[in-house]
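**Q** Contents of input36.csv (CSV, C-alpha atoms):
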```csv
chain,number,residue,atom,x,y,z
A,93,MET,CA,148.5,311.7,120.9
A,94,MET,CA,144.7,311.9,121.2
A,95,LYS,CA,142.9,311.6,117.9
A,96,GLN,CA,140.2,314.1,117.3
A,97,PHE,CA,137.0,313.8,115.2
A,98,ASP,CA,133.8,315.7,114.9
A,99,VAL,CA,131.8,312.5,115.1
A,100,VAL,CA,132.5,309.0,116.4
A,101,VAL,CA,130.0,306.2,115.5
A,102,ILE,CA,130.2,303.1,117.6
A,103,GLY,CA,129.1,300.2,115.4
A,104,ALA,CA,129.8,299.4,111.8
A,105,GLY,CA,126.4,297.9,111.0
A,106,ALA,CA,123.5,299.1,108.9
A,107,ALA,CA,122.5,302.1,111.0
A,108,GLY,CA,126.1,303.1,111.9
A,109,LEU,CA,127.4,303.1,108.3
A,110,MET,CA,124.4,305.0,107.0
A,111,CYS,CA,124.8,307.7,109.7
A,112,ALA,CA,128.6,308.0,109.2
A,113,ALA,CA,128.2,308.6,105.5
A,114,GLN,CA,125.5,311.2,106.0
A,115,ALA,CA,127.6,313.1,108.6
A,116,GLY,CA,130.7,312.9,106.4
A,117,TYR,CA,128.8,314.4,103.4
A,118,ARG,CA,128.0,317.3,105.7
A,119,GLY,CA,131.7,318.0,106.0
A,120,ARG,CA,132.1,316.4,109.4
A,121,SER,CA,135.2,314.4,110.3
A,122,VAL,CA,133.8,310.9,111.1
A,123,LEU,CA,135.3,307.8,112.7
A,124,VAL,CA,133.4,304.5,112.9
A,125,LEU,CA,134.6,302.1,115.6
A,126,ASP,CA,133.8,298.4,115.8
A,127,ASN,CA,135.1,295.4,117.8
A,128,ALA,CA,134.7,293.1,114.8
A,129,LYS,CA,137.2,292.3,112.0
A,130,LYS,CA,134.9,293.6,109.3
A,131,PRO,CA,131.7,295.7,108.9
A,132,GLY,CA,128.1,294.7,108.3
A,133,ARG,CA,128.2,291.2,109.9
A,134,LYS,CA,124.4,291.0,110.3
A,135,ILE,CA,123.8,292.4,106.8
A,136,LEU,CA,125.9,289.7,105.3
A,137,ILE,CA,123.9,286.8,106.8
A,138,SER,CA,120.5,288.4,106.5
A,139,GLY,CA,117.9,287.1,104.1
A,140,GLY,CA,119.7,283.8,103.5
A,141,GLY,CA,122.8,285.8,102.3
A,142,ARG,CA,120.7,287.9,99.9
A,143,CYS,CA,119.7,290.7,102.4
A,144,ASN,CA,116.0,291.7,102.6
A,145,PHE,CA,117.1,295.3,102.6
A,146,THR,CA,113.7,297.1,102.8
A,147,ASN,CA,110.0,296.6,102.2
A,148,HIS,CA,107.7,298.5,99.8
A,149,GLN,CA,105.1,298.6,102.7
A,150,ALA,CA,107.4,300.0,105.4
A,151,GLY,CA,105.5,302.4,107.6
A,152,PRO,CA,104.8,303.1,111.3
A,153,HIS,CA,102.2,300.4,111.4
A,154,ALA,CA,104.9,297.7,111.1
A,155,PHE,CA,106.9,298.7,114.2
A,156,LEU,CA,106.6,297.8,117.9
A,157,SER,CA,107.6,300.3,120.5
A,158,ALA,CA,106.4,301.6,123.9
A,159,ASN,CA,105.8,304.8,122.0
A,160,PRO,CA,104.5,303.8,118.6
A,161,HIS,CA,104.6,307.4,117.3
A,162,PHE,CA,108.3,307.8,117.8
A,163,CYS,CA,109.3,306.1,114.5
A,164,LYS,CA,107.0,308.2,112.3
A,165,SER,CA,109.3,311.2,111.8
A,166,ALA,CA,112.4,309.2,110.7
A,167,LEU,CA,110.5,306.8,108.5
A,168,ALA,CA,108.8,309.8,106.8
A,169,ARG,CA,112.0,311.7,106.2
A,170,TYR,CA,114.0,308.8,104.8
A,171,THR,CA,111.6,306.4,103.2
A,172,GLN,CA,112.1,303.0,101.6
A,173,GLN,CA,111.9,304.7,98.2
A,174,ASP,CA,114.9,306.9,99.3
A,175,PHE,CA,116.9,303.7,100.0
A,176,ILE,CA,115.8,302.1,96.8
A,177,GLU,CA,117.0,305.2,94.9
A,178,LEU,CA,120.4,304.8,96.7
A,179,VAL,CA,120.8,301.2,95.6
A,180,ASP,CA,119.6,302.0,92.1
A,181,ARG,CA,122.3,304.7,91.8
A,182,HIS,CA,124.9,302.0,92.7
A,183,GLY,CA,123.5,299.6,90.1
A,184,LEU,CA,122.3,297.0,92.5
A,185,SER,CA,120.1,294.3,90.9
A,186,TYR,CA,117.3,293.2,93.2
A,187,HIS,CA,113.9,291.5,93.1
A,188,GLU,CA,110.7,291.7,95.0
A,189,LYS,CA,109.4,288.6,96.9
A,190,THR,CA,106.0,288.3,98.7
A,191,LEU,CA,104.6,291.0,100.8
A,192,GLY,CA,106.7,293.8,99.4
A,193,GLN,CA,110.1,292.3,100.5
A,194,LEU,CA,113.1,293.4,98.4
A,195,PHE,CA,116.2,291.2,98.1
A,196,CYS,CA,119.6,291.4,96.4
A,197,ASP,CA,119.7,289.2,93.2
A,198,GLU,CA,123.3,288.2,94.0
A,199,SER,CA,124.6,288.8,97.5
A,200,ALA,CA,124.1,290.7,100.7
A,201,LYS,CA,127.7,291.8,100.4
A,202,GLU,CA,126.6,294.3,97.7
A,203,ILE,CA,124.6,296.2,100.3
A,204,VAL,CA,127.7,296.4,102.6
A,205,ASP,CA,129.8,297.5,99.5
A,206,ILE,CA,127.3,300.3,98.8
A,207,LEU,CA,127.5,301.5,102.4
A,208,LEU,CA,131.3,301.3,102.4
A,209,THR,CA,131.5,303.2,99.1
A,210,GLU,CA,129.3,305.9,100.5
A,211,CYS,CA,131.5,306.1,103.6
A,212,ASP,CA,134.6,306.3,101.3
A,213,TRP,CA,133.1,309.1,99.2
A,214,ALA,CA,132.1,311.0,102.4
A,215,GLY,CA,135.7,310.7,103.8
A,216,VAL,CA,134.7,308.5,106.7
A,217,THR,CA,137.5,306.7,108.7
A,218,LEU,CA,136.8,303.1,109.7
A,219,GLN,CA,138.6,301.3,112.5
A,220,PHE,CA,138.0,297.6,113.4
A,221,GLN,CA,139.0,295.3,116.1
A,222,THR,CA,138.8,298.1,118.6
A,223,GLU,CA,137.5,297.7,122.1
A,224,ILE,CA,136.1,300.7,123.9
A,225,LEU,CA,137.2,300.7,127.5
A,226,THR,CA,135.6,303.9,128.8
A,227,VAL,CA,133.5,306.8,127.6
A,228,SER,CA,133.3,310.1,129.4
A,229,LYS,CA,131.7,313.5,128.8
A,230,SER,CA,134.0,316.5,128.3
A,231,ASP,CA,133.5,320.2,127.8
A,232,GLU,CA,133.9,319.7,124.1
A,233,GLY,CA,132.0,316.5,123.8
A,234,PHE,CA,133.2,313.0,124.6
A,235,VAL,CA,136.5,311.2,125.4
A,236,LEU,CA,136.8,307.5,124.5
A,237,THR,CA,139.5,305.3,125.9
A,238,THR,CA,140.0,302.4,123.5
A,239,SER,CA,142.4,299.5,123.0
A,240,GLN,CA,143.9,301.6,120.2
A,241,GLY,CA,144.3,304.8,122.2
A,242,GLU,CA,142.3,307.8,123.2
A,243,ILE,CA,139.8,309.6,120.9
A,244,CYS,CA,137.8,312.7,121.5
A,245,CYS,CA,134.8,313.9,119.5
A,246,HIS,CA,132.0,316.5,119.6
A,247,SER,CA,129.2,314.0,118.8
A,248,LEU,CA,128.9,310.3,119.8
A,249,VAL,CA,126.5,308.0,117.9
A,250,VAL,CA,125.7,304.6,119.5
A,251,ALA,CA,124.8,302.1,116.8
A,252,THR,CA,125.7,299.0,118.6
A,253,GLY,CA,122.7,296.9,117.8
A,254,GLY,CA,120.8,294.6,120.2
A,255,LEU,CA,121.4,291.3,121.8
A,256,SER,CA,120.3,289.1,118.9
A,257,MET,CA,122.8,286.6,117.4
A,258,PRO,CA,125.6,286.8,119.9
A,259,LYS,CA,127.8,284.7,117.7
A,260,LEU,CA,128.0,287.8,115.5
A,261,GLY,CA,129.4,289.8,118.4
A,262,ALA,CA,126.1,291.2,119.8
A,263,THR,CA,126.6,292.6,123.3
A,264,PRO,CA,124.6,294.8,125.8
A,265,TYR,CA,127.2,297.6,125.4
A,266,GLY,CA,124.9,300.1,123.9
A,267,PHE,CA,122.3,299.6,126.7
A,268,LYS,CA,125.0,300.0,129.4
A,269,LEU,CA,126.3,303.2,127.8
A,270,ALA,CA,122.8,304.6,127.8
A,271,GLU,CA,122.4,303.8,131.5
A,272,GLN,CA,125.8,305.3,132.2
A,273,PHE,CA,124.5,308.6,130.9
A,274,GLY,CA,121.3,308.3,132.9
A,275,LEU,CA,119.0,307.2,130.1
A,276,THR,CA,116.2,304.7,130.8
A,277,VAL,CA,116.5,301.3,129.0
A,278,LEU,CA,113.3,299.3,128.7
A,279,PRO,CA,113.4,295.5,129.3
A,280,THR,CA,114.7,293.5,126.4
A,281,ARG,CA,113.6,290.2,124.9
A,282,ALA,CA,114.2,288.2,121.8
A,283,GLY,CA,112.0,289.0,118.8
A,284,LEU,CA,111.4,287.4,115.4
A,285,VAL,CA,112.4,284.1,117.0
A,286,PRO,CA,111.2,280.4,116.7
A,287,PHE,CA,109.2,278.9,119.5
A,288,THR,CA,110.2,275.9,121.6
A,289,LEU,CA,107.6,273.4,122.8
A,290,HIS,CA,107.0,271.6,126.0
A,291,GLN,CA,108.6,268.1,126.1
A,292,ALA,CA,105.4,266.1,125.4
A,293,GLU,CA,104.5,268.2,122.3
A,294,LYS,CA,108.2,268.5,121.2
A,295,GLU,CA,108.4,264.7,121.2
A,296,ALA,CA,104.9,264.3,119.5
A,297,PHE,CA,105.8,266.6,116.6
A,298,ALA,CA,109.5,265.9,116.3
A,299,ASP,CA,109.1,263.7,113.3
A,300,LEU,CA,107.3,266.5,111.4
A,301,ALA,CA,110.5,268.6,111.3
A,302,GLY,CA,110.8,270.2,107.9
A,303,VAL,CA,107.0,270.1,107.2
A,304,SER,CA,105.7,273.6,106.3
A,305,LEU,CA,102.2,274.9,105.7
A,306,PRO,CA,100.4,278.2,105.1
A,307,VAL,CA,98.6,279.4,108.3
A,308,ALA,CA,97.1,282.4,110.0
A,309,VAL,CA,98.6,282.8,113.5
A,310,THR,CA,96.9,285.0,116.1
A,311,ALA,CA,98.4,286.1,119.4
A,312,GLU,CA,96.4,286.6,122.6
A,313,ASP,CA,96.3,290.4,121.9
A,314,GLY,CA,94.5,289.7,118.5
A,315,THR,CA,97.5,290.5,116.3
A,316,CYS,CA,97.4,288.1,113.3
A,317,PHE,CA,99.9,287.1,110.6
A,318,LYS,CA,99.1,285.0,107.5
A,319,GLU,CA,102.3,283.3,106.3
A,320,ALA,CA,104.0,279.9,106.4
A,321,MET,CA,104.6,277.9,109.6
A,322,LEU,CA,107.5,275.3,109.8
A,323,PHE,CA,107.9,272.4,112.2
A,324,THR,CA,111.4,272.1,113.6
A,325,HIS,CA,113.2,269.6,115.8
A,326,ARG,CA,112.7,272.0,118.7
A,327,GLY,CA,109.3,273.5,118.0
A,328,LEU,CA,107.8,275.9,115.5
A,329,SER,CA,109.3,278.4,113.1
A,330,GLY,CA,108.6,279.9,109.7
A,331,PRO,CA,107.6,283.5,108.9
A,332,ALA,CA,104.2,283.4,110.6
A,333,ILE,CA,105.8,282.1,113.8
A,334,LEU,CA,108.7,284.6,113.8
A,335,GLN,CA,106.2,287.4,113.2
A,336,ILE,CA,103.9,286.4,116.1
A,337,SER,CA,106.8,285.8,118.5
A,338,SER,CA,107.3,289.6,118.8
A,339,PHE,CA,103.7,289.9,120.2
A,340,TRP,CA,103.8,286.8,122.4
A,341,LEU,CA,104.4,286.8,126.1
A,342,ALA,CA,105.4,283.8,128.3
A,343,GLY,CA,102.4,281.7,129.4
A,344,GLU,CA,100.2,282.7,126.5
A,345,LYS,CA,98.8,280.4,123.8
A,346,ILE,CA,99.0,281.1,120.1
A,347,HIS,CA,95.9,280.4,117.9
A,348,ILE,CA,96.5,278.9,114.5
A,349,ASN,CA,94.1,278.7,111.6
A,350,LEU,CA,95.3,275.7,109.6
A,351,LEU,CA,93.2,276.5,106.6
A,352,PRO,CA,93.1,280.3,106.4
A,353,GLU,CA,91.9,280.5,102.8
A,354,LEU,CA,88.8,278.4,103.4
A,355,ASP,CA,85.4,278.7,105.1
A,356,ILE,CA,86.2,275.5,107.0
A,357,ALA,CA,82.8,274.5,108.2
A,358,ALA,CA,81.2,275.1,104.7
A,359,THR,CA,84.1,273.2,103.0
A,360,LEU,CA,83.7,270.2,105.3
A,361,ARG,CA,80.0,270.0,104.5
A,362,GLU,CA,80.8,270.2,100.7
A,363,TRP,CA,83.3,267.4,101.2
A,364,ALA,CA,80.8,265.3,103.0
A,365,GLN,CA,78.4,265.7,100.0
A,366,ALA,CA,81.0,265.2,97.3
A,367,HIS,CA,83.1,262.5,98.9
A,368,PRO,CA,80.9,260.7,101.4
A,369,ALA,CA,82.9,257.4,101.3
A,370,GLN,CA,86.3,259.0,101.8
A,371,GLU,CA,87.8,259.4,105.2
A,372,LEU,CA,88.4,262.8,106.8
A,373,LYS,CA,92.2,262.4,106.7
A,374,THR,CA,92.0,261.6,103.0
A,375,VAL,CA,90.1,264.8,102.0
A,376,LEU,CA,92.1,266.9,104.5
A,377,GLY,CA,95.3,265.5,103.0
A,378,ARG,CA,94.5,267.4,99.8
A,379,GLU,CA,94.7,270.7,101.7
A,380,LEU,CA,97.2,270.1,104.5
A,381,PRO,CA,100.5,268.1,104.6
A,382,LYS,CA,99.5,264.4,104.9
A,383,ARG,CA,102.0,263.8,107.6
A,384,PHE,CA,100.6,266.5,109.7
A,385,VAL,CA,97.0,265.3,109.2
A,386,ASP,CA,98.1,261.7,110.2
A,387,LYS,CA,99.8,263.2,113.3
A,388,LEU,CA,96.6,265.0,114.4
A,389,VAL,CA,94.7,261.6,114.0
A,390,GLU,CA,97.5,259.7,115.9
A,391,LEU,CA,97.3,262.2,118.8
A,392,GLY,CA,93.5,261.9,118.9
A,393,GLN,CA,93.0,265.6,118.1
A,394,LEU,CA,91.0,264.4,115.0
A,395,ILE,CA,89.0,261.3,114.6
A,396,SER,CA,89.0,260.1,111.0
A,397,LYS,CA,86.1,258.2,109.5
A,398,PRO,CA,84.1,258.3,106.2
A,399,MET,CA,82.7,261.8,105.7
A,400,ARG,CA,79.1,260.5,105.5
A,401,GLN,CA,79.4,259.3,109.2
A,402,TYR,CA,79.9,262.8,110.6
A,403,ASN,CA,76.9,264.7,111.9
A,404,GLU,CA,76.7,268.5,111.9
A,405,ARG,CA,77.9,268.8,115.5
A,406,GLU,CA,81.0,266.7,114.7
A,407,LEU,CA,81.8,268.6,111.6
A,408,GLU,CA,81.6,271.9,113.6
A,409,ALA,CA,84.0,270.4,116.1
A,410,VAL,CA,86.5,269.5,113.3
A,411,ALA,CA,86.1,273.0,111.9
A,412,ALA,CA,86.7,274.5,115.3
A,413,LEU,CA,89.9,272.5,115.7
A,414,LEU,CA,91.3,273.3,112.3
A,415,GLY,CA,90.3,277.0,112.5
A,416,ASP,CA,91.7,277.5,116.0
A,417,TRP,CA,94.5,274.9,116.6
A,418,GLN,CA,96.0,276.1,119.9
A,419,ILE,CA,99.6,275.7,121.1
A,420,LEU,CA,101.1,276.8,124.4
A,421,PRO,CA,104.8,277.4,123.6
A,422,ASN,CA,107.4,276.5,126.2
A,423,GLY,CA,109.4,279.6,125.3
A,424,THR,CA,111.5,280.8,122.4
A,425,GLU,CA,115.0,279.9,121.2
A,426,GLY,CA,116.2,283.2,122.6
A,427,TYR,CA,118.8,285.6,121.3
A,428,ARG,CA,120.8,282.8,119.8
A,429,THR,CA,118.5,282.6,116.7
A,430,ALA,CA,116.5,285.8,117.2
A,431,GLU,CA,116.6,288.3,114.3
A,432,VAL,CA,116.0,291.3,116.5
A,433,THR,CA,115.8,292.6,120.1
A,434,LEU,CA,112.6,294.0,121.5
A,435,GLY,CA,112.9,296.9,124.0
A,436,GLY,CA,116.0,299.0,124.4
A,437,VAL,CA,116.8,302.6,124.9
A,438,ASP,CA,113.5,304.3,125.8
A,439,THR,CA,112.3,306.5,123.0
A,440,ASN,CA,111.1,309.1,125.5
A,441,GLU,CA,114.8,309.8,126.1
A,442,LEU,CA,115.4,310.7,122.5
A,443,SER,CA,114.4,313.4,120.0
A,444,SER,CA,112.4,311.8,117.2
A,445,LYS,CA,113.6,314.5,114.9
A,446,THR,CA,117.4,314.0,115.5
A,447,MET,CA,117.8,310.8,117.6
A,448,GLU,CA,119.8,312.9,120.1
A,449,ALA,CA,119.4,312.2,123.8
A,450,ARG,CA,117.4,314.9,125.4
A,451,LYS,CA,119.5,314.9,128.6
A,452,VAL,CA,123.0,314.6,127.0
A,453,ALA,CA,123.9,317.0,124.2
A,454,GLY,CA,125.8,315.3,121.4
A,455,LEU,CA,124.8,311.8,122.3
A,456,TYR,CA,122.7,309.8,119.7
A,457,PHE,CA,121.2,306.4,119.6
A,458,ILE,CA,120.1,304.7,116.3
A,459,GLY,CA,119.0,301.3,115.0
A,460,GLU,CA,118.3,298.2,117.0
A,461,VAL,CA,119.6,299.6,120.3
A,462,VAL,CA,116.5,301.9,120.4
A,463,ASP,CA,113.1,300.6,121.5
A,464,VAL,CA,111.8,300.4,117.9
A,465,THR,CA,111.4,296.9,116.4
A,466,GLY,CA,110.0,296.1,112.9
A,467,TRP,CA,108.1,293.1,111.5
A,468,LEU,CA,109.9,290.4,109.6
A,469,GLY,CA,110.5,291.4,105.9
A,470,GLY,CA,113.0,294.2,105.6
A,471,TYR,CA,111.4,296.5,108.1
A,472,ASN,CA,114.3,296.5,110.6
A,473,PHE,CA,116.8,297.4,107.9
A,474,GLN,CA,114.5,300.3,106.9
A,475,TRP,CA,114.6,301.5,110.6
A,476,ALA,CA,118.4,301.3,110.5
A,477,TRP,CA,118.5,303.4,107.2
A,478,SER,CA,115.9,305.9,108.5
A,479,SER,CA,117.3,306.4,112.0
A,480,GLY,CA,120.9,306.5,110.7
A,481,TRP,CA,120.1,309.0,108.0
A,482,VAL,CA,118.3,311.3,110.5
A,483,ALA,CA,121.1,311.3,113.0
A,484,GLY,CA,123.6,311.9,110.3
A,485,GLN,CA,121.9,315.2,109.5
A,486,TYR,CA,122.5,316.5,113.0
A,487,CYS,CA,125.4,314.8,114.7
```
Just dump the structure as structure tokens.
**A**
Amino acid sequence: MMKQFDVVVIGAGAAGLMCAAQAGYRGRSVLVLDNAKKPGRKILISGGGRCNFTNHQAGPHAFLSANPHFCKSALARYTQQDFIELVDRHGLSYHEKTLGQLFCDESAKEIVDILLTECDWAGVTLQFQTEILTVSKSDEGFVLTTSQGEICCHSLVVATGGLSMPKLGATPYGFKLAEQFGLTVLPTRAGLVPFTLHQAEKEAFADLAGVSLPVAVTAEDGTCFKEAMLFTHRGLSGPAILQISSFWLAGEKIHINLLPELDIAATLREWAQAHPAQELKTVLGRELPKRFVDKLVELGQLISKPMRQYNERELEAVAALLGDWQILPNGTEGYRTAEVTLGGVDTNELSSKTMEARKVAGLYFIGEVVDVTGWLGGYNFQWAWSSGWVAGQYC
């Protein structure tokens, strides 16, 4: 016999569970379907297992989209403070790290538990290890043929996520479903992802793997992030690199200020006065990792000699290199390690007020499957909470 629900949510992640609970609290009968064995897989591994669940500074400025205005409505109607109040009600203990990031004190599992508790209180039915075979439109709504039988519903919410971290079960299913119903899907690519380097640079910097330093990284479009950069066996990572990767396009260089807190030219002149007999690599080694400074000397990018031996033009050249160290990435590590997917369901196809498809009554898209991508630092979870909450008021 065909099961009947008011709402079916495809995807038991952050956005899907938030939406399901909200719809359930409105008295709707709600079923959440997922092909995994358990809910919230991406939540559980996020933030090093502590889940950076939102950010005090979350706002439209921190999101990328072909239509940057689209996210404003949802973010304004369900804010980071609203989610903080939710976790406070559940007694979650958390702490703030740098740049407004909020993390669980104990475990990301606590966030999943909160969402599951909300779904339980709202009367939501959860069904796992279920493959969706077909979805079709009916007079009453939608009919889903699944590996567990047929289901019909009035409203269908797609919260299937993007392509990032395929080991966690990420698939293009949500994008294909959007296209099936005639919606435009914008090209996708990996975001918040480490860079790989060309072979010569990869080999040159390989022995720096594990070295980290605070930098300011600027993309060709002028976007800049000031955070830590980390050398890896394959290339470059760390928060600054992950942030800038979302603004980087193949073939473009990235520009790295290695001493973002200093007026480099003035500081070099001061060093020349204060430490005339010390070599450049010695004085630089007080501000930068010594192994990195030695590598720049080894590669001939810096010439190290006693500070008194530099003339003004040479000091300016050193300052220029340190203030604008340029790297041409070979590419990124791709979806395997990416935290998010850029692109997705075109926001012009959706109502920013309800997240419903303009062309297909009763069909909603929320979370990462939509062309809205946040910065690193809890912003993407906030989009999941906000878009899920909004859809849950209407589906």
**Q** Could you give me, as JSON lines, every region 237-300 of chain A residue with an atom at most 10 Å from region 327-341 of chain A, plus its closest atom pair and distance in Å to one decimal, counting all atoms listed in the file, rows ordered by chain then number?
**A**
```
{"residue": "A:Arg281", "atom": "CA", "partner": "A:Ser338", "partner_atom": "CA", "distance": 8.8}
{"residue": "A:Ala282", "atom": "CA", "partner": "A:Ser338", "partner_atom": "CA", "distance": 7.7}
{"residue": "A:Gly283", "atom": "CA", "partner": "A:Ser338", "partner_atom": "CA", "distance": 4.7}
{"residue": "A:Leu284", "atom": "CA", "partner": "A:Leu334", "partner_atom": "CA", "distance": 4.2}
{"residue": "A:Val285", "atom": "CA", "partner": "A:Leu334", "partner_atom": "CA", "distance": 4.9}
{"residue": "A:Pro286", "atom": "CA", "partner": "A:Ser329", "partner_atom": "CA", "distance": 4.5}
{"residue": "A:Phe287", "atom": "CA", "partner": "A:Leu328", "partner_atom": "CA", "distance": 5.2}
{"residue": "A:Thr288", "atom": "CA", "partner": "A:Gly327", "partner_atom": "CA", "distance": 4.4}
{"residue": "A:Leu289", "atom": "CA", "partner": "A:Gly327", "partner_atom": "CA", "distance": 5.1}
{"residue": "A:His290", "atom": "CA", "partner": "A:Gly327", "partner_atom": "CA", "distance": 8.5}
{"residue": "A:Gln291", "atom": "CA", "partner": "A:Gly327", "partner_atom": "CA", "distance": 9.8}
{"residue": "A:Glu293", "atom": "CA", "partner": "A:Gly327", "partner_atom": "CA", "distance": 8.3}
{"residue": "A:Lys294", "atom": "CA", "partner": "A:Gly327", "partner_atom": "CA", "distance": 6.0}
{"residue": "A:Glu295", "atom": "CA", "partner": "A:Gly327", "partner_atom": "CA", "distance": 9.4}
{"residue": "A:Phe297", "atom": "CA", "partner": "A:Gly327", "partner_atom": "CA", "distance": 7.9}
{"residue": "A:Ala298", "atom": "CA", "partner": "A:Gly327", "partner_atom": "CA", "distance": 7.8}
{"residue": "A:Leu300", "atom": "CA", "partner": "A:Gly327", "partner_atom": "CA", "distance": 9.8}
```
**Q** Please list as a list in words every residue within 12 Å of Lys259 (chain A), counting all atoms listed in the file and excluding residues in the same chain fewer than 5 positions away.
**A** Ala128, Arg133, Lys134, Ile137, Tyr427, Arg428, Thr429 and Ala430 of chain A
**Q** If we count all atoms listed in the file and set the cut-off at 12 Å, which residues sit around Gly140 (chain A), ignoring sequence neighbours fewer than 2 positions away in its own chain? Please answer as a PyMOL selection string.
**A** chain A and resi 134-138+142-145+195-201
**Q** Write out as a JSON list (two decimals) with C-alpha atoms, keeping the file's coordinate frame each polymer residue whose atoms come within 9 Å of Thr310 (chain A), counting only C-alpha atoms; drop sequence neighbours fewer than 6 positions from it.
**A**
```json
[["chain", "number", "residue", "atom", "x", "y", "z"],
["A", 316, "CYS", "CA", 97.40, 288.10, 113.30],
["A", 317, "PHE", "CA", 99.90, 287.10, 110.60],
["A", 318, "LYS", "CA", 99.10, 285.00, 107.50],
["A", 336, "ILE", "CA", 103.90, 286.40, 116.10],
["A", 346, "ILE", "CA", 99.00, 281.10, 120.10],
["A", 347, "HIS", "CA", 95.90, 280.40, 117.90],
["A", 348, "ILE", "CA", 96.50, 278.90, 114.50],
["A", 349, "ASN", "CA", 94.10, 278.70, 111.60]]
```
**Q** So which one's closest to Phe175 (chain A), A:Gly484, A:Gly470, A:Pro398, A:Gly215? Using only C-alpha atoms, please.
**A**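 Of all the options, A:Gly470 lies closest to Phe175 (chain A).
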**Q** Can you pull out every residue within 9 Å of Gly192 (chain A), counting all atoms listed in the file, but drop anything in the same chain fewer than 3 positions away, and send it as a PyMOL selection string?
**A** chain A and resi 146-150+188-189+469-470
**Q** If you measure from CA of Met447 (chain A) to CA of Cys111 (chain A), what distance in Å do you get, rounded to one decimal?
**A**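 Pair CA of Met447 (chain A) / CA of Cys111 (chain A) returns 11.0 Å.
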**Q** Under the rule that only C-alpha atoms are counted, which of A:Met110, A:Ala483, A:Ala296, A:Ala158 is the nearest residue to Leu455 (chain A)?
**A**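 Looking at the shortest contact to Leu455 (chain A), the residue is A:Ala483.
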**Q** Which of these, A:Cys211, A:Val303, A:Ala320, A:Ala476, has the shortest distance to Gly105 (chain A) once you count all atoms listed in the file?
**A**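 Nearest to Gly105 (chain A): A:Ala476.
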**Q** Return the single residue from A:Gly480, A:Gly392, A:Gly139, A:Gly103 that is closest to Asn127 (chain A), with distances computed using all atoms listed in the file.
**A**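 Closest to Asn127 (chain A), using all atoms listed in the file: A:Gly103.
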**Q** Point out the residue among A:Trp417, A:Trp481, A:Tyr186, A:Trp475 with the least atom-to-atom distance to Gly459 (chain A), counting all atoms listed in the file.
**A**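 Checking each candidate against Gly459 (chain A), we get A:Trp475 as the closest.
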**Q** Just want the 8 Å neighbourhood of Ser121 (chain A), counted on all atoms listed in the file, with same-chain residues fewer than 6 positions away dropped. Output as a PDB file with C-alpha atoms, in the frame of the given file.
**A**
```pdb
ATOM      1  CA  PHE A  97     137.000 313.800 115.200  1.00  0.00           C
ATOM      2  CA  ASP A  98     133.800 315.700 114.900  1.00  0.00           C
ATOM      3  CA  VAL A  99     131.800 312.500 115.100  1.00  0.00           C
ATOM      4  CA  ALA A 115     127.600 313.100 108.600  1.00  0.00           C
ATOM      5  CA  GLY A 215     135.700 310.700 103.800  1.00  0.00           C
ATOM      6  CA  VAL A 216     134.700 308.500 106.700  1.00  0.00           C
TER       7      VAL A 216
END
```
**Q** Could you work out how far CA of Pro160 (chain A) lies from CA of Asp416 (chain A), giving the answer in Å with one decimal?
**A**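 So the answer is 29.4 Å.
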**Q** May I have the residues at most 12 Å from (114.7, 305.4, 129.0) in the file's coordinates, counting all atoms listed in the file, as a PyMOL selection string?
**A** chain A and resi 158-159+267-279+435-442+449-451+457+461-463
**Q** Out of A:Met257, A:Ala154, A:Ala301, A:Met94, which residue has the shortest atom-to-atom distance to Thr238 (chain A) when counting only C-alpha atoms?
**A** A:Met94
**Q** How many Å lie between CA of Ile356 (chain A) and CA of Leu380 (chain A), rounded to one decimal?
**A**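 About the pair CA of Ile356 (chain A) and CA of Leu380 (chain A): they are 12.5 Å apart.
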